[in-house]
Amino acid sequence: MGCAPGGSADRAHALELLSPEELWALSRARLSLRRARTIAPGEHLSSRAGASLEFADHRPYQPGDDLRLVDWAVYARHRKLVTKVFSREVEAPVYLLLDCSASMGLGGKFLFAKKLAAAVLFLAFRGGDRFGVYPFSVSVVGVGRPRRGRPALVRAFQELMELAPKGRTDFAQALSSWAERGWEPGLCLVLSDFFAPGFRDGLLALRYGRHAVAAVQILAPEDLSPPVLGEVRLVDAEEGRARPAVVGQAACRTYQENLRRWNQKLAHTCEELGISQFLFVSDFSPVAAALILARRWRP
């Protein structure tokens with residue numbers, strides 16, 4: 001496959017999200033987000049389209065093993081019977097669930113999330129995987145089935161370009177309603193700052209749908225280390241409520257401790273549910289973040 005969408009209009013959409021250098025870096029990665037599964041000797045070797053087998057290791061021969069899997073070259077050299085073990089790449093659609101609430105619009109988080117989403121979609125495209133983008137806040141926008149190929153990538157990039165952060169987040173309602181549609185089990189990446197209650201119920205609903213899930217938390221530098229501002233008027237980005245406050249050293253320390261506890265709760269939830277968790281800061285490279293996801297996420 002080519003390293004970028006083909007036509008001039010297609011390239012324009014791609015380049016608004018990712019630079020030529022970033023597309024080049026992604027095109028050289030040759031990574032796939034497909035889920036690998038070990039095939040034990042003796043298990044039926046399917047020739048089903050969409051699955052490929054790759055040699056993984058040897059193990060000692062056991063009575064009942066398929067003789068077709070015995071490595072006779074090893075036997076000829078060492079007079080030892082060993083059986084080949086393979087891994088299968090299981091085709092699984094990639095679902096990108098992108099938080100579009102107002103809090104994501106602060107500190108460059110939403111732009112980072114859109115570029116990260118575009119990079120992940122590009123990797124899925126190059127790997128021949130099916131993919132779909134599902135923006136959410138109180139509910140999920142978009143119900144189309146995941147598709148593969150260049151036209152699907154162009155449509156996904158167009159959708160990303162048109163998104164803007166607004167409203168509030170309802171993880172439980174949005175992710176549960178999405179999961180209840182009975183999607184084919186696949187790889188779900190939830191991109192959010194996770195600054196709203198209810199994320200446990202939402203993530204649990206995805207796990208009930210038999211999806212492999214990664215919680216990708218995106219924070220701004222000021223989320224992690226807020227500046228000392230003195231007397232200010234604090235405004236809730238999602239609810240619109242405001243109140244006066246004094247943001248000094250003590251208030252910043254209290255905020256950071258509350259953030260630590262909140263993120264610890266998120267980490268415990270992910271560990272309990274068997275969900276992978278990643279944290280990226282919005283001043284990091286979205287392409288580097290996508291490559292980290294592709295290398296380190298092992299559903």
# chains A, B, ... in the order shown; residues from 1 in each chain; ligands from 1
$ residues_around --residues "A:Gly198" --least-positions-apart "5" --cutoff "8 Å" --atoms "only C-alpha atoms" --output "MDAnalysis selection string"
chainID A and resid 170:172
$ residues_around --residues "stretch 116-124 of chain A" --least-positions-apart "2" --cutoff "9 Å" --atoms "only C-alpha atoms" --output "PyMOL selection string"
chain A and resi 3-4+14+17-18+22-23+26-27+29-34+93-94+96+98+111-114+126-133+148+153+156-157+160+191+285-291+293-294
$ write_last_selection --atoms "N, CA and C atoms" --output "short mmCIF file (atom, residue, chain, number, x, y, z; two decimals), in the first residue's frame"
data_model
loop_
_atom_site.label_atom_id
_atom_site.label_comp_id
_atom_site.auth_asym_id
_atom_site.auth_seq_id
_atom_site.Cartn_x
_atom_site.Cartn_y
_atom_site.Cartn_z
N CYS A 3 2.03 5.13 1.06
CA CYS A 3 2.26 5.66 2.39
C CYS A 3 1.31 6.79 2.74
N ALA A 4 0.42 7.17 1.81
CA ALA A 4 -0.56 8.20 2.11
C ALA A 4 -1.74 8.01 1.19
N ALA A 14 -5.35 14.41 4.84
CA ALA A 14 -4.32 13.76 5.65
C ALA A 14 -3.33 14.78 6.19
N LEU A 17 -4.03 16.90 9.27
CA LEU A 17 -3.88 16.23 10.55
C LEU A 17 -2.46 15.78 10.83
N LEU A 18 -1.76 15.33 9.80
CA LEU A 18 -0.41 14.80 9.95
C LEU A 18 0.50 15.39 8.88
N GLU A 22 5.49 13.08 9.35
CA GLU A 22 4.80 12.15 10.25
C GLU A 22 4.20 10.97 9.47
N LEU A 23 3.64 11.24 8.31
CA LEU A 23 3.12 10.15 7.48
C LEU A 23 4.25 9.23 7.03
N LEU A 26 5.18 6.98 9.92
CA LEU A 26 4.17 5.94 10.11
C LEU A 26 4.26 4.89 9.00
N SER A 27 4.54 5.33 7.78
CA SER A 27 4.58 4.39 6.66
C SER A 27 5.75 3.42 6.79
N ALA A 29 6.77 2.21 9.67
CA ALA A 29 6.66 1.43 10.90
C ALA A 29 6.29 -0.02 10.65
N ARG A 30 5.48 -0.28 9.61
CA ARG A 30 5.04 -1.63 9.27
C ARG A 30 4.50 -2.37 10.49
N LEU A 31 3.59 -1.70 11.17
CA LEU A 31 2.98 -2.28 12.35
C LEU A 31 1.52 -2.58 12.07
N SER A 32 1.02 -3.63 12.70
CA SER A 32 -0.39 -3.96 12.58
C SER A 32 -0.99 -4.02 13.96
N LEU A 33 -2.24 -3.62 14.08
CA LEU A 33 -2.93 -3.67 15.36
C LEU A 33 -3.72 -4.96 15.51
N ARG A 34 -3.42 -5.95 14.67
CA ARG A 34 -4.14 -7.21 14.78
C ARG A 34 -3.75 -7.94 16.04
N PRO A 93 -11.54 -5.82 14.22
CA PRO A 93 -11.71 -4.41 13.86
C PRO A 93 -11.18 -3.48 14.94
N VAL A 94 -10.74 -2.30 14.52
CA VAL A 94 -10.24 -1.28 15.43
C VAL A 94 -11.32 -0.21 15.59
N LEU A 96 -12.21 3.35 17.38
CA LEU A 96 -11.66 4.52 18.05
C LEU A 96 -12.80 5.31 18.67
N LEU A 98 -13.66 8.44 20.69
CA LEU A 98 -12.98 9.72 20.94
C LEU A 98 -13.88 10.66 21.74
N LEU A 111 -6.80 18.52 19.94
CA LEU A 111 -5.99 18.46 18.72
C LEU A 111 -5.05 17.26 18.78
N PHE A 112 -4.43 17.05 19.94
CA PHE A 112 -3.57 15.88 20.11
C PHE A 112 -4.37 14.60 19.88
N ALA A 113 -5.58 14.53 20.46
CA ALA A 113 -6.40 13.32 20.33
C ALA A 113 -6.76 13.06 18.88
N LYS A 114 -7.09 14.11 18.13
CA LYS A 114 -7.44 13.92 16.72
C LYS A 114 -6.24 13.45 15.91
N ARG A 126 -2.72 0.69 6.86
CA ARG A 126 -1.56 0.04 6.26
C ARG A 126 -1.49 -1.44 6.63
N GLY A 127 -2.04 -1.79 7.79
CA GLY A 127 -2.05 -3.19 8.19
C GLY A 127 -3.19 -3.99 7.58
N GLY A 128 -4.05 -3.33 6.79
CA GLY A 128 -5.17 -4.04 6.18
C GLY A 128 -6.31 -4.31 7.14
N ASP A 129 -6.32 -3.61 8.29
CA ASP A 129 -7.36 -3.82 9.30
C ASP A 129 -8.59 -2.97 8.99
N ARG A 130 -9.73 -3.39 9.51
CA ARG A 130 -10.94 -2.57 9.47
C ARG A 130 -10.92 -1.59 10.64
N PHE A 131 -11.54 -0.41 10.46
CA PHE A 131 -11.49 0.61 11.51
C PHE A 131 -12.70 1.50 11.41
N GLY A 132 -13.00 2.17 12.51
CA GLY A 132 -14.10 3.12 12.56
C GLY A 132 -13.87 4.12 13.67
N VAL A 133 -14.40 5.36 13.49
CA VAL A 133 -14.29 6.42 14.48
C VAL A 133 -15.66 6.68 15.07
N ARG A 148 -12.36 -1.12 5.83
CA ARG A 148 -10.93 -1.04 5.53
C ARG A 148 -10.74 -0.33 4.19
N LEU A 153 -10.48 5.34 4.98
CA LEU A 153 -9.51 6.20 5.66
C LEU A 153 -9.81 7.67 5.37
N ALA A 156 -12.80 8.75 7.36
CA ALA A 156 -12.46 8.88 8.77
C ALA A 156 -11.69 10.17 9.03
N PHE A 157 -10.75 10.51 8.14
CA PHE A 157 -10.01 11.76 8.29
C PHE A 157 -10.94 12.96 8.15
N LEU A 160 -12.80 13.34 11.41
CA LEU A 160 -11.94 13.91 12.45
C LEU A 160 -11.78 15.40 12.27
N LEU A 191 -10.11 7.35 23.80
CA LEU A 191 -9.24 8.52 23.92
C LEU A 191 -9.97 9.60 24.68
N SER A 285 4.55 14.05 20.94
CA SER A 285 4.25 13.80 19.52
C SER A 285 3.13 12.77 19.39
N PRO A 286 2.03 13.11 18.71
CA PRO A 286 0.96 12.14 18.51
C PRO A 286 1.41 10.91 17.73
N VAL A 287 2.32 11.10 16.78
CA VAL A 287 2.83 9.96 15.99
C VAL A 287 3.63 9.03 16.88
N ALA A 288 4.51 9.61 17.73
CA ALA A 288 5.27 8.78 18.66
C ALA A 288 4.33 8.03 19.60
N ALA A 289 3.24 8.69 20.01
CA ALA A 289 2.26 8.03 20.88
C ALA A 289 1.59 6.86 20.16
N ALA A 290 1.24 7.04 18.88
CA ALA A 290 0.63 5.96 18.11
C ALA A 290 1.57 4.77 17.97
N LEU A 291 2.85 5.04 17.76
CA LEU A 291 3.83 3.96 17.63
C LEU A 291 4.01 3.22 18.96
N LEU A 293 1.64 2.88 21.22
CA LEU A 293 0.44 2.05 21.34
C LEU A 293 0.57 0.77 20.51
N ALA A 294 1.01 0.93 19.27
CA ALA A 294 1.10 -0.23 18.38
C ALA A 294 2.14 -1.24 18.87
#
$ closest_residue --among "A:Leu81, A:Val281, A:Leu189, A:Leu69" --to "A:Glu222" --atoms "only C-alpha atoms"
A:Val281
$ closest_residue --among "A:Arg150, A:Leu224, A:Leu219, A:Ala205" --to "A:Asn258" --atoms "only C-alpha atoms"
A:Leu224
$ closest_residue --among "A:Ala250, A:Glu271, A:Pro221, A:Pro227" --to "A:Gly107" --atoms "only C-alpha atoms"
A:Pro221
$ select_by_dssp --residues "stretch 146-264 of chain A" --states "strand (DSSP E)" --output "PyMOL selection string"
chain A and resi 187-192+212-219+230-235+242-247
$ closest_residue --among "A:Phe110, A:Trp183, A:Tyr208, A:Phe199" --to "A:His268" --atoms "only C-alpha atoms"
A:Phe199
$ atom_distance --atom1 "atom CA of A:Ser192" --atom2 "atom CA of A:Asp99"
5.0 Å
$ decode --residues "stretch 242-274 of chain A" --atoms "N, CA and C atoms" --output "tab-separated table (two decimals), in the first residue's frame"
chain	number	residue	atom	x	y	z
A	242	ALA	N	-19.40	28.71	37.44
A	242	ALA	CA	-18.20	29.48	37.77
A	242	ALA	C	-18.24	29.92	39.22
A	243	ARG	N	-17.04	30.06	39.81
A	243	ARG	CA	-16.94	30.60	41.17
A	243	ARG	C	-15.57	31.23	41.35
A	244	PRO	N	-15.49	32.23	42.20
A	244	PRO	CA	-14.19	32.85	42.46
A	244	PRO	C	-13.32	31.94	43.33
A	245	ALA	N	-12.01	32.06	43.18
A	245	ALA	CA	-11.08	31.24	43.96
A	245	ALA	C	-9.72	31.91	43.98
A	246	VAL	N	-8.92	31.49	44.94
A	246	VAL	CA	-7.53	31.93	45.02
A	246	VAL	C	-6.65	30.72	44.74
A	247	VAL	N	-5.93	30.76	43.64
A	247	VAL	CA	-5.08	29.65	43.23
A	247	VAL	C	-3.64	29.98	43.63
A	248	GLY	N	-3.26	29.49	44.80
A	248	GLY	CA	-1.90	29.67	45.29
A	248	GLY	C	-1.18	28.35	45.36
A	249	GLN	N	-0.03	28.35	46.04
A	249	GLN	CA	0.77	27.13	46.16
A	249	GLN	C	0.00	26.02	46.84
A	250	ALA	N	-0.70	26.33	47.91
A	250	ALA	CA	-1.43	25.31	48.66
A	250	ALA	C	-2.55	24.72	47.80
A	251	ALA	N	-3.26	25.58	47.06
A	251	ALA	CA	-4.34	25.09	46.20
A	251	ALA	C	-3.79	24.19	45.10
A	252	CYS	N	-2.64	24.54	44.54
A	252	CYS	CA	-2.02	23.72	43.49
A	252	CYS	C	-1.62	22.35	44.03
A	253	ARG	N	-1.05	22.34	45.25
A	253	ARG	CA	-0.67	21.05	45.85
A	253	ARG	C	-1.89	20.18	46.12
A	254	THR	N	-2.96	20.81	46.60
A	254	THR	CA	-4.19	20.05	46.85
A	254	THR	C	-4.75	19.48	45.55
A	255	TYR	N	-4.75	20.30	44.51
A	255	TYR	CA	-5.22	19.84	43.20
A	255	TYR	C	-4.39	18.66	42.70
A	256	GLN	N	-3.08	18.74	42.80
A	256	GLN	CA	-2.22	17.66	42.31
A	256	GLN	C	-2.43	16.37	43.10
A	257	GLU	N	-2.68	16.49	44.39
A	257	GLU	CA	-2.97	15.30	45.19
A	257	GLU	C	-4.31	14.68	44.77
A	258	ASN	N	-5.31	15.53	44.51
A	258	ASN	CA	-6.60	15.02	44.05
A	258	ASN	C	-6.48	14.36	42.67
A	259	LEU	N	-5.66	14.96	41.81
A	259	LEU	CA	-5.43	14.35	40.49
A	259	LEU	C	-4.75	13.01	40.63
A	260	ARG	N	-3.76	12.92	41.52
A	260	ARG	CA	-3.07	11.65	41.74
A	260	ARG	C	-4.05	10.57	42.19
A	261	ARG	N	-4.93	10.92	43.10
A	261	ARG	CA	-5.92	9.95	43.59
A	261	ARG	C	-6.89	9.56	42.48
A	262	TRP	N	-7.30	10.54	41.68
A	262	TRP	CA	-8.24	10.26	40.58
A	262	TRP	C	-7.60	9.31	39.57
A	263	ASN	N	-6.36	9.58	39.20
A	263	ASN	CA	-5.68	8.72	38.23
A	263	ASN	C	-5.37	7.35	38.82
A	264	GLN	N	-5.15	7.30	40.12
A	264	GLN	CA	-4.95	6.02	40.78
A	264	GLN	C	-6.24	5.19	40.71
A	265	LYS	N	-7.37	5.85	40.86
A	265	LYS	CA	-8.66	5.16	40.73
A	265	LYS	C	-8.85	4.63	39.31
A	266	LEU	N	-8.47	5.44	38.31
A	266	LEU	CA	-8.54	4.98	36.93
A	266	LEU	C	-7.63	3.78	36.70
A	267	ALA	N	-6.41	3.84	37.24
A	267	ALA	CA	-5.46	2.74	37.08
A	267	ALA	C	-5.99	1.46	37.73
A	268	HIS	N	-6.56	1.58	38.92
A	268	HIS	CA	-7.12	0.40	39.61
A	268	HIS	C	-8.28	-0.19	38.82
A	269	THR	N	-9.11	0.69	38.26
A	269	THR	CA	-10.24	0.22	37.44
A	269	THR	C	-9.74	-0.55	36.22
A	270	CYS	N	-8.74	-0.01	35.54
A	270	CYS	CA	-8.20	-0.67	34.35
A	270	CYS	C	-7.58	-2.02	34.72
A	271	GLU	N	-6.85	-2.06	35.83
A	271	GLU	CA	-6.24	-3.32	36.26
A	271	GLU	C	-7.32	-4.35	36.60
A	272	GLU	N	-8.35	-3.91	37.29
A	272	GLU	CA	-9.45	-4.81	37.68
A	272	GLU	C	-10.16	-5.39	36.46
A	273	LEU	N	-10.36	-4.57	35.44
A	273	LEU	CA	-11.13	-4.99	34.26
A	273	LEU	C	-10.26	-5.62	33.18
A	274	GLY	N	-8.95	-5.69	33.40
A	274	GLY	CA	-8.07	-6.24	32.38
A	274	GLY	C	-7.92	-5.33	31.18
